[in-house]
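Visitor: Input structure: start33.cif, which contains mmCIF, N, CA and C atoms.
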```
data_final
loop_
_atom_site.label_atom_id
_atom_site.label_comp_id
_atom_site.auth_asym_id
_atom_site.auth_seq_id
_atom_site.Cartn_x
_atom_site.Cartn_y
_atom_site.Cartn_z
N MET A 5 -13.41 -248.85 198.61
CA MET A 5 -13.36 -248.00 197.43
C MET A 5 -14.64 -247.18 197.36
N THR A 6 -14.51 -245.89 197.19
CA THR A 6 -15.65 -244.98 197.12
C THR A 6 -15.81 -244.48 195.70
N ARG A 7 -17.01 -244.64 195.15
CA ARG A 7 -17.32 -244.13 193.81
C ARG A 7 -17.69 -242.66 193.94
N ILE A 8 -17.07 -241.81 193.11
CA ILE A 8 -17.30 -240.36 193.14
C ILE A 8 -17.91 -239.93 191.82
N LEU A 9 -18.94 -239.10 191.90
CA LEU A 9 -19.49 -238.43 190.73
C LEU A 9 -19.12 -236.96 190.89
N TYR A 10 -18.17 -236.50 190.08
CA TYR A 10 -17.64 -235.13 190.16
C TYR A 10 -18.36 -234.28 189.12
N LEU A 11 -19.06 -233.23 189.58
CA LEU A 11 -19.85 -232.36 188.71
C LEU A 11 -19.22 -230.96 188.69
N PRO A 12 -18.23 -230.71 187.82
CA PRO A 12 -17.60 -229.39 187.79
C PRO A 12 -18.48 -228.31 187.19
N SER A 13 -19.49 -228.70 186.41
CA SER A 13 -20.42 -227.74 185.83
C SER A 13 -21.74 -228.45 185.56
N GLU A 14 -22.74 -227.69 185.11
CA GLU A 14 -24.04 -228.29 184.82
C GLU A 14 -24.00 -229.18 183.58
N SER A 15 -22.96 -229.02 182.76
CA SER A 15 -22.93 -229.75 181.49
C SER A 15 -21.88 -230.85 181.44
N SER A 16 -21.19 -231.13 182.54
CA SER A 16 -20.17 -232.18 182.49
C SER A 16 -20.10 -232.90 183.83
N PHE A 17 -19.63 -234.15 183.76
CA PHE A 17 -19.41 -234.92 184.97
C PHE A 17 -18.30 -235.93 184.72
N TYR A 18 -17.67 -236.39 185.80
CA TYR A 18 -16.62 -237.39 185.74
C TYR A 18 -16.88 -238.40 186.85
N THR A 19 -16.58 -239.66 186.59
CA THR A 19 -16.66 -240.67 187.64
C THR A 19 -15.24 -241.00 188.06
N LEU A 20 -15.02 -241.05 189.36
CA LEU A 20 -13.71 -241.32 189.93
C LEU A 20 -13.87 -242.36 191.02
N ASP A 21 -12.76 -242.96 191.42
CA ASP A 21 -12.73 -243.85 192.56
C ASP A 21 -11.72 -243.31 193.56
N SER A 22 -12.03 -243.46 194.84
CA SER A 22 -11.13 -243.00 195.89
C SER A 22 -10.93 -244.14 196.89
N ASN A 23 -9.73 -244.22 197.44
CA ASN A 23 -9.46 -245.21 198.48
C ASN A 23 -10.02 -244.80 199.83
N LEU A 24 -10.40 -243.52 199.97
CA LEU A 24 -10.99 -243.06 201.23
C LEU A 24 -12.39 -243.61 201.39
N PRO A 25 -12.78 -244.01 202.59
CA PRO A 25 -14.17 -244.40 202.84
C PRO A 25 -15.07 -243.17 202.63
N PRO A 26 -16.35 -243.38 202.30
CA PRO A 26 -17.24 -242.25 202.00
C PRO A 26 -17.28 -241.17 203.07
N GLY A 27 -17.38 -241.56 204.33
CA GLY A 27 -17.44 -240.56 205.40
C GLY A 27 -16.21 -239.68 205.47
N ARG A 28 -15.04 -240.30 205.34
CA ARG A 28 -13.79 -239.52 205.37
C ARG A 28 -13.64 -238.66 204.13
N LEU A 29 -14.07 -239.17 202.98
CA LEU A 29 -14.01 -238.39 201.75
C LEU A 29 -14.88 -237.14 201.89
N ILE A 30 -16.10 -237.30 202.40
CA ILE A 30 -17.00 -236.16 202.57
C ILE A 30 -16.39 -235.13 203.52
N LEU A 31 -15.82 -235.59 204.63
CA LEU A 31 -15.17 -234.67 205.57
C LEU A 31 -14.00 -233.95 204.92
N ALA A 32 -13.18 -234.68 204.15
CA ALA A 32 -12.03 -234.08 203.48
C ALA A 32 -12.47 -233.03 202.46
N VAL A 33 -13.48 -233.36 201.66
CA VAL A 33 -13.97 -232.42 200.65
C VAL A 33 -14.56 -231.18 201.32
N ASN A 34 -15.45 -231.38 202.28
CA ASN A 34 -16.16 -230.26 202.90
C ASN A 34 -15.26 -229.39 203.76
N SER A 35 -14.10 -229.91 204.18
CA SER A 35 -13.16 -229.10 204.95
C SER A 35 -12.08 -228.48 204.06
N GLY A 36 -12.14 -228.74 202.75
CA GLY A 36 -11.18 -228.14 201.82
C GLY A 36 -9.87 -228.87 201.68
N ARG A 37 -9.77 -230.09 202.23
CA ARG A 37 -8.51 -230.84 202.15
C ARG A 37 -8.41 -231.72 200.92
N TRP A 38 -9.48 -231.88 200.15
CA TRP A 38 -9.47 -232.73 198.96
C TRP A 38 -9.59 -231.85 197.73
N ARG A 39 -8.83 -232.16 196.70
CA ARG A 39 -8.89 -231.43 195.43
C ARG A 39 -9.07 -232.43 194.29
N PRO A 40 -9.71 -232.01 193.20
CA PRO A 40 -9.84 -232.91 192.05
C PRO A 40 -8.45 -233.26 191.51
N PRO A 41 -8.30 -234.45 190.95
CA PRO A 41 -7.01 -234.84 190.38
C PRO A 41 -6.58 -233.87 189.27
N ASP A 42 -5.28 -233.76 189.07
CA ASP A 42 -4.76 -232.92 187.98
C ASP A 42 -5.35 -233.38 186.66
N GLY A 43 -5.63 -232.41 185.80
CA GLY A 43 -6.19 -232.71 184.49
C GLY A 43 -7.70 -232.60 184.42
N LEU A 44 -8.36 -232.58 185.59
CA LEU A 44 -9.82 -232.41 185.60
C LEU A 44 -10.15 -230.93 185.79
N PRO A 45 -11.28 -230.48 185.23
CA PRO A 45 -11.65 -229.07 185.37
C PRO A 45 -11.84 -228.68 186.83
N ARG A 46 -11.42 -227.47 187.13
CA ARG A 46 -11.62 -226.90 188.47
C ARG A 46 -12.22 -225.52 188.29
N ARG A 47 -12.92 -225.08 189.29
CA ARG A 47 -13.48 -223.74 189.26
C ARG A 47 -12.89 -223.00 190.45
N ASP A 48 -12.15 -221.94 190.18
CA ASP A 48 -11.44 -221.26 191.26
C ASP A 48 -12.20 -220.06 191.81
N LYS A 49 -12.16 -218.93 191.09
CA LYS A 49 -12.73 -217.70 191.64
C LYS A 49 -14.25 -217.69 191.64
N ALA A 50 -14.89 -218.57 190.87
CA ALA A 50 -16.36 -218.52 190.74
C ALA A 50 -17.09 -219.32 191.80
N VAL A 51 -16.38 -219.87 192.76
CA VAL A 51 -17.05 -220.74 193.73
C VAL A 51 -16.63 -220.43 195.15
N ALA A 52 -17.51 -220.76 196.06
CA ALA A 52 -17.17 -220.65 197.47
C ALA A 52 -16.40 -221.89 197.91
N GLY A 53 -16.61 -223.01 197.22
CA GLY A 53 -15.88 -224.22 197.56
C GLY A 53 -16.54 -225.46 197.03
N LEU A 54 -15.77 -226.51 197.03
CA LEU A 54 -16.25 -227.82 196.62
C LEU A 54 -16.96 -228.46 197.80
N ARG A 55 -18.10 -229.08 197.56
CA ARG A 55 -18.88 -229.73 198.61
C ARG A 55 -19.21 -231.15 198.19
N ALA A 56 -19.38 -232.02 199.18
CA ALA A 56 -19.70 -233.42 198.92
C ALA A 56 -21.00 -233.80 199.60
N VAL A 57 -21.80 -234.62 198.93
CA VAL A 57 -23.02 -235.19 199.49
C VAL A 57 -23.07 -236.65 199.09
N ARG A 58 -23.75 -237.47 199.91
CA ARG A 58 -23.96 -238.87 199.58
C ARG A 58 -25.27 -239.02 198.86
N LEU A 59 -25.28 -239.82 197.81
CA LEU A 59 -26.51 -240.16 197.10
C LEU A 59 -26.44 -241.66 196.85
N GLY A 60 -27.10 -242.42 197.70
CA GLY A 60 -27.03 -243.88 197.60
C GLY A 60 -25.61 -244.36 197.84
N ARG A 61 -25.08 -245.12 196.92
CA ARG A 61 -23.72 -245.65 197.05
C ARG A 61 -22.66 -244.68 196.54
N ASN A 62 -23.09 -243.60 195.91
CA ASN A 62 -22.15 -242.64 195.33
C ASN A 62 -21.96 -241.43 196.22
N THR A 63 -20.80 -240.82 196.07
CA THR A 63 -20.51 -239.54 196.69
C THR A 63 -20.49 -238.52 195.58
N ILE A 64 -21.32 -237.49 195.69
CA ILE A 64 -21.45 -236.47 194.66
C ILE A 64 -20.64 -235.26 195.07
N LEU A 65 -19.74 -234.79 194.19
CA LEU A 65 -18.95 -233.60 194.46
C LEU A 65 -19.45 -232.47 193.59
N ILE A 66 -19.81 -231.37 194.21
CA ILE A 66 -20.36 -230.22 193.50
C ILE A 66 -19.67 -228.95 193.99
N PHE A 67 -19.78 -227.89 193.21
CA PHE A 67 -19.28 -226.60 193.63
C PHE A 67 -20.42 -225.78 194.19
N GLN A 68 -20.18 -225.11 195.28
CA GLN A 68 -21.18 -224.22 195.87
C GLN A 68 -20.90 -222.82 195.33
N LEU A 69 -21.89 -222.25 194.63
CA LEU A 69 -21.72 -220.92 194.05
C LEU A 69 -21.80 -219.85 195.12
N LEU A 70 -21.11 -218.74 194.86
CA LEU A 70 -21.25 -217.57 195.71
C LEU A 70 -22.61 -216.96 195.48
N ASP A 71 -23.17 -216.31 196.48
CA ASP A 71 -24.50 -215.70 196.36
C ASP A 71 -24.61 -214.75 195.18
N ASN A 72 -23.57 -213.95 194.91
CA ASN A 72 -23.66 -212.96 193.85
C ASN A 72 -23.54 -213.57 192.46
N GLU A 73 -23.33 -214.87 192.36
CA GLU A 73 -23.21 -215.51 191.06
C GLU A 73 -24.48 -216.21 190.63
N LEU A 74 -25.47 -216.24 191.49
CA LEU A 74 -26.73 -216.86 191.11
C LEU A 74 -27.49 -215.93 190.19
N THR A 75 -28.00 -216.48 189.12
CA THR A 75 -28.80 -215.68 188.20
C THR A 75 -30.19 -215.53 188.78
N PRO A 76 -30.98 -214.57 188.31
CA PRO A 76 -32.34 -214.43 188.83
C PRO A 76 -33.15 -215.72 188.72
N SER A 77 -32.98 -216.46 187.64
CA SER A 77 -33.75 -217.70 187.50
C SER A 77 -33.26 -218.75 188.49
N ASP A 78 -31.96 -218.71 188.85
CA ASP A 78 -31.44 -219.65 189.84
C ASP A 78 -31.93 -219.31 191.24
N SER A 79 -31.97 -218.01 191.56
CA SER A 79 -32.32 -217.63 192.91
C SER A 79 -33.82 -217.69 193.17
N HIS A 80 -34.62 -217.76 192.11
CA HIS A 80 -36.06 -217.89 192.23
C HIS A 80 -36.52 -219.05 191.36
N PRO A 81 -36.40 -220.29 191.86
CA PRO A 81 -36.81 -221.43 191.06
C PRO A 81 -38.27 -221.32 190.63
N ALA A 82 -38.65 -222.17 189.70
CA ALA A 82 -39.99 -222.12 189.11
C ALA A 82 -41.08 -222.06 190.18
N GLY A 83 -40.89 -222.73 191.26
CA GLY A 83 -41.88 -222.70 192.33
C GLY A 83 -41.21 -223.02 193.64
N PRO A 84 -41.71 -222.49 194.75
CA PRO A 84 -41.10 -222.78 196.04
C PRO A 84 -41.33 -224.25 196.41
N LEU A 85 -40.40 -224.78 197.17
CA LEU A 85 -40.54 -226.16 197.63
C LEU A 85 -41.37 -226.17 198.91
N GLY A 86 -42.26 -227.12 199.00
CA GLY A 86 -43.07 -227.28 200.20
C GLY A 86 -42.27 -227.91 201.32
N GLN A 87 -42.85 -227.93 202.50
CA GLN A 87 -42.17 -228.48 203.67
C GLN A 87 -41.80 -229.95 203.46
N ARG A 88 -42.73 -230.76 202.97
CA ARG A 88 -42.44 -232.18 202.76
C ARG A 88 -41.40 -232.37 201.66
N GLN A 89 -41.46 -231.55 200.62
CA GLN A 89 -40.45 -231.63 199.56
C GLN A 89 -39.07 -231.31 200.13
N MET A 90 -39.00 -230.31 201.01
CA MET A 90 -37.72 -229.97 201.64
C MET A 90 -37.22 -231.14 202.49
N GLN A 91 -38.12 -231.81 203.20
CA GLN A 91 -37.73 -232.96 204.01
C GLN A 91 -37.21 -234.09 203.12
N VAL A 92 -37.91 -234.36 202.02
CA VAL A 92 -37.48 -235.41 201.09
C VAL A 92 -36.13 -235.03 200.50
N LEU A 93 -35.98 -233.78 200.08
CA LEU A 93 -34.72 -233.31 199.49
C LEU A 93 -33.56 -233.51 200.45
N GLN A 94 -33.72 -233.12 201.71
CA GLN A 94 -32.65 -233.27 202.68
C GLN A 94 -32.29 -234.73 202.90
N CYS A 95 -33.29 -235.59 203.00
CA CYS A 95 -33.03 -237.03 203.18
C CYS A 95 -32.26 -237.61 202.00
N VAL A 96 -32.68 -237.28 200.79
CA VAL A 96 -32.01 -237.80 199.60
C VAL A 96 -30.60 -237.23 199.50
N ALA A 97 -30.42 -235.96 199.84
CA ALA A 97 -29.09 -235.35 199.81
C ALA A 97 -28.14 -236.03 200.79
N GLN A 98 -28.70 -236.62 201.85
CA GLN A 98 -27.89 -237.34 202.83
C GLN A 98 -27.61 -238.78 202.40
N GLY A 99 -28.12 -239.15 201.23
CA GLY A 99 -27.82 -240.48 200.69
C GLY A 99 -28.85 -241.54 200.97
N MET A 100 -30.00 -241.16 201.48
CA MET A 100 -31.04 -242.15 201.78
C MET A 100 -31.71 -242.62 200.49
N THR A 101 -32.12 -243.88 200.48
CA THR A 101 -32.87 -244.42 199.35
C THR A 101 -34.33 -243.99 199.48
N THR A 102 -35.10 -244.18 198.40
CA THR A 102 -36.51 -243.82 198.47
C THR A 102 -37.24 -244.64 199.54
N ARG A 103 -36.85 -245.87 199.69
CA ARG A 103 -37.46 -246.72 200.73
C ARG A 103 -37.15 -246.16 202.12
N GLN A 104 -35.91 -245.75 202.35
CA GLN A 104 -35.53 -245.18 203.64
C GLN A 104 -36.24 -243.85 203.90
N VAL A 105 -36.35 -243.02 202.85
CA VAL A 105 -37.05 -241.74 202.99
C VAL A 105 -38.51 -241.99 203.36
N ALA A 106 -39.14 -242.93 202.66
CA ALA A 106 -40.55 -243.24 202.92
C ALA A 106 -40.74 -243.69 204.37
N ALA A 107 -39.85 -244.56 204.85
CA ALA A 107 -39.96 -245.05 206.23
C ALA A 107 -39.74 -243.92 207.23
N ARG A 108 -38.75 -243.10 206.99
CA ARG A 108 -38.45 -242.02 207.93
C ARG A 108 -39.57 -240.99 208.00
N LEU A 109 -40.14 -240.65 206.83
CA LEU A 109 -41.14 -239.58 206.78
C LEU A 109 -42.58 -240.10 206.86
N GLY A 110 -42.75 -241.42 206.93
CA GLY A 110 -44.09 -241.99 207.07
C GLY A 110 -44.95 -241.79 205.84
N MET A 111 -44.39 -242.05 204.67
CA MET A 111 -45.14 -241.92 203.42
C MET A 111 -44.80 -243.10 202.53
N SER A 112 -45.56 -243.28 201.48
CA SER A 112 -45.29 -244.38 200.55
C SER A 112 -44.11 -244.02 199.65
N ARG A 113 -43.49 -245.04 199.07
CA ARG A 113 -42.40 -244.80 198.12
C ARG A 113 -42.92 -244.01 196.93
N ARG A 114 -44.14 -244.29 196.51
CA ARG A 114 -44.73 -243.55 195.39
C ARG A 114 -44.82 -242.06 195.70
N THR A 115 -45.17 -241.72 196.93
CA THR A 115 -45.23 -240.31 197.33
C THR A 115 -43.84 -239.68 197.30
N VAL A 116 -42.83 -240.44 197.72
CA VAL A 116 -41.45 -239.95 197.65
C VAL A 116 -41.09 -239.66 196.19
N TYR A 117 -41.42 -240.60 195.28
CA TYR A 117 -41.15 -240.38 193.85
C TYR A 117 -41.85 -239.13 193.34
N LEU A 118 -43.09 -238.91 193.76
CA LEU A 118 -43.83 -237.72 193.32
C LEU A 118 -43.19 -236.44 193.85
N HIS A 119 -42.74 -236.47 195.10
CA HIS A 119 -42.05 -235.30 195.65
C HIS A 119 -40.75 -235.04 194.89
N LEU A 120 -40.01 -236.10 194.58
CA LEU A 120 -38.76 -235.93 193.83
C LEU A 120 -39.03 -235.34 192.45
N ALA A 121 -40.09 -235.78 191.79
CA ALA A 121 -40.44 -235.23 190.48
C ALA A 121 -40.77 -233.74 190.60
N ALA A 122 -41.50 -233.38 191.64
CA ALA A 122 -41.85 -231.97 191.85
C ALA A 122 -40.61 -231.14 192.16
N ILE A 123 -39.68 -231.70 192.93
CA ILE A 123 -38.43 -231.02 193.25
C ILE A 123 -37.63 -230.78 191.98
N ARG A 124 -37.50 -231.83 191.15
CA ARG A 124 -36.76 -231.68 189.88
C ARG A 124 -37.39 -230.60 189.02
N GLN A 125 -38.71 -230.58 188.94
CA GLN A 125 -39.39 -229.59 188.13
C GLN A 125 -39.17 -228.18 188.69
N SER A 126 -39.31 -228.02 189.99
CA SER A 126 -39.14 -226.70 190.61
C SER A 126 -37.73 -226.16 190.42
N LEU A 127 -36.75 -227.05 190.42
CA LEU A 127 -35.35 -226.63 190.28
C LEU A 127 -34.86 -226.74 188.84
N SER A 128 -35.75 -227.03 187.91
CA SER A 128 -35.40 -227.18 186.49
C SER A 128 -34.25 -228.16 186.31
N ALA A 129 -34.34 -229.29 186.98
CA ALA A 129 -33.30 -230.32 186.94
C ALA A 129 -33.80 -231.54 186.18
N VAL A 130 -32.90 -232.16 185.44
CA VAL A 130 -33.23 -233.35 184.68
C VAL A 130 -33.17 -234.59 185.57
N SER A 131 -32.24 -234.59 186.52
CA SER A 131 -32.05 -235.76 187.38
C SER A 131 -32.11 -235.33 188.85
N THR A 132 -32.24 -236.31 189.71
CA THR A 132 -32.23 -236.03 191.15
C THR A 132 -30.87 -235.51 191.58
N ALA A 133 -29.79 -236.06 191.01
CA ALA A 133 -28.44 -235.57 191.35
C ALA A 133 -28.30 -234.10 190.97
N GLU A 134 -28.81 -233.72 189.81
CA GLU A 134 -28.76 -232.32 189.40
C GLU A 134 -29.61 -231.45 190.33
N ALA A 135 -30.74 -231.96 190.75
CA ALA A 135 -31.60 -231.22 191.69
C ALA A 135 -30.87 -231.00 193.01
N ILE A 136 -30.15 -232.00 193.49
CA ILE A 136 -29.39 -231.87 194.72
C ILE A 136 -28.29 -230.83 194.54
N GLN A 137 -27.62 -230.87 193.39
CA GLN A 137 -26.57 -229.89 193.11
C GLN A 137 -27.15 -228.48 193.16
N ARG A 138 -28.24 -228.26 192.46
CA ARG A 138 -28.84 -226.93 192.42
C ARG A 138 -29.36 -226.52 193.80
N ALA A 139 -29.96 -227.45 194.50
CA ALA A 139 -30.47 -227.15 195.84
C ALA A 139 -29.33 -226.76 196.78
N ALA A 140 -28.20 -227.46 196.68
CA ALA A 140 -27.05 -227.13 197.51
C ALA A 140 -26.51 -225.74 197.14
N GLU A 141 -26.46 -225.44 195.84
CA GLU A 141 -26.00 -224.12 195.40
C GLU A 141 -26.90 -223.01 195.94
N LEU A 142 -28.18 -223.30 196.06
CA LEU A 142 -29.15 -222.31 196.55
C LEU A 142 -29.29 -222.33 198.07
N GLY A 143 -28.56 -223.23 198.72
CA GLY A 143 -28.63 -223.32 200.17
C GLY A 143 -29.88 -224.00 200.69
N LEU A 144 -30.55 -224.78 199.83
CA LEU A 144 -31.78 -225.46 200.24
C LEU A 144 -31.52 -226.77 200.96
N CYS A 145 -30.34 -227.35 200.76
CA CYS A 145 -29.99 -228.57 201.48
C CYS A 145 -28.52 -228.49 201.85
N GLN A 146 -28.16 -229.21 202.86
CA GLN A 146 -26.80 -229.19 203.35
C GLN A 146 -26.17 -230.56 203.17
N PRO A 147 -24.88 -230.58 202.81
CA PRO A 147 -24.20 -231.87 202.76
C PRO A 147 -24.21 -232.50 204.15
N PRO A 148 -24.24 -233.81 204.22
CA PRO A 148 -24.27 -234.46 205.53
C PRO A 148 -22.97 -234.25 206.28
N VAL A 149 -23.06 -234.14 207.58
CA VAL A 149 -21.89 -234.04 208.44
C VAL A 149 -21.80 -235.34 209.19
N SER A 150 -20.68 -236.02 209.05
CA SER A 150 -20.54 -237.33 209.68
C SER A 150 -19.40 -237.30 210.67
N ASP A 151 -19.69 -237.60 211.93
CA ASP A 151 -18.65 -237.74 212.95
C ASP A 151 -18.09 -239.15 212.96
N ASN A 152 -18.74 -240.03 212.22
CA ASN A 152 -18.36 -241.43 212.19
C ASN A 152 -17.92 -241.81 210.78
N PRO A 153 -16.64 -241.52 210.39
CA PRO A 153 -16.19 -241.87 209.05
C PRO A 153 -16.30 -243.36 208.83
N GLU A 154 -16.77 -243.72 207.64
CA GLU A 154 -16.97 -245.14 207.32
C GLU A 154 -15.67 -245.80 206.95
#
```
Produce structure tokens that represent the structure in this file.
Guide:
Amino acid sequence: MTRILYLPSESSFYTLDSNLPPGRLILAVNSGRWRPPDGLPRRDKAVAGLRAVRLGRNTILIFQLLDNELTPSDSHPAGPLGQRQMQVLQCVAQGMTTRQVAARLGMSRRTVYLHLAAIRQSLSAVSTAEAIQRAAELGLCQPPVSDNPE
């Protein structure tokens, strides 16, 4: 059973369960074969497509905005992300825990937390999940590609 956090907009979210393993769900979503259940909000003409990323045990479903739909404040976040922040962002977007990120990048967990706080601030996000959503919309991180469905 895969837990899904479906984010149709910045102001709403839904939790769902899927019988698909996380890897297969991500492949289905990112290839356009998965759709939200009937009755849930969908965004049609305003998006390039629904995208999935892993965040810990959850699979996060977000819409990727078209380039012409980004507002000036969206396309120019409060501050640019540094190289290490981009590395932390990509690792977290792939579903790594702070401990795993720290081990992979050779830094302390506290440093990972500080980078995540800076990322949230730069992207004007309240949570890390929201930061990942905004970063994906801006093309700053990519959903993971898995050849090995779980």
Visitor: Identify which of the residues A:Leu59, A:Ile30, A:Met5, A:Leu54 lies closest to A:Thr132, counting only C-alpha atoms when measuring atom-to-atom distances.
Guide: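 Of A:Leu59, A:Ile30, A:Met5, A:Leu54, the one nearest A:Thr132, counting only C-alpha atoms, is A:Leu59.
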Visitor: Using atom C of A:Met90 and atom C of A:Asn34 as the two end points, give the distance in Å to one decimal.
Guide: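 Atom C of A:Asn34 lies 22.1 Å from atom C of A:Met90.
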Visitor: Atom N of A:Arg55 and atom N of A:Thr6 are how many Å apart?
Guide: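 According to the coordinates, atom N of A:Arg55 and atom N of A:Thr6 are separated by 17.2 Å.
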Visitor: Could you check the closest approach to A:Ala56 for each of A:Glu141, A:Leu120, A:Gln87, A:Thr115 and tell me which residue wins, using only C-alpha atoms?
Guide: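 Of all the options, A:Glu141 lies closest to A:Ala56.
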Visitor: Check the smallest atom-to-atom distance from each of A:Gly27, A:Trp38, A:Glu134, A:Val92 to A:Val116 using only N, CA and C atoms, then report the winner.
Guide: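 Closest to A:Val116, using only N, CA and C atoms: A:Val92.
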Visitor: Determine the residue set returned by the PyMOL selection byres ((chain A and resi 9-23) around 6) for the present structure, and present it as a VMD selection string.
Guide: chain A and resid 5 to 8 24 to 25 45 62 to 67
Visitor: Please measure the separation of atom CA of A:Pro84 and atom CA of A:Arg124, giving the value in Å to one decimal.
Guide: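 Taking atom CA of A:Pro84 and atom CA of A:Arg124, their separation equals 11.7 Å.
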Visitor: Quick one: of A:Val105, A:Ala32, A:Met100, A:Val57, who's nearest to A:Gln137, counting only C-alpha atoms?
Guide: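 Checking each candidate against A:Gln137, we get A:Val57 as the closest.
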Visitor: Go through A:Arg138, A:Arg88, A:Arg58, A:Arg39 and flag the residue nearest A:Gly110, using only C-alpha atoms for the distances.
Guide: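 Counting only C-alpha atoms, the residue closest to A:Gly110 is A:Arg88.
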Visitor: Between A:Cys145, A:Ala107, A:Gly60, A:Leu44, which has the minimum distance to A:Gln94 (counting only N, CA and C atoms)?
Guide: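 Distance minimum relative to A:Gln94 lands on A:Cys145.
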Visitor: If DSSP is run on the backbone, what residues of stretch 84-122 of chain A are alpha helix (DSSP H)? A reply as a ChimeraX atom specification would be ideal.
Guide: /A:87-97,102-109,113-122
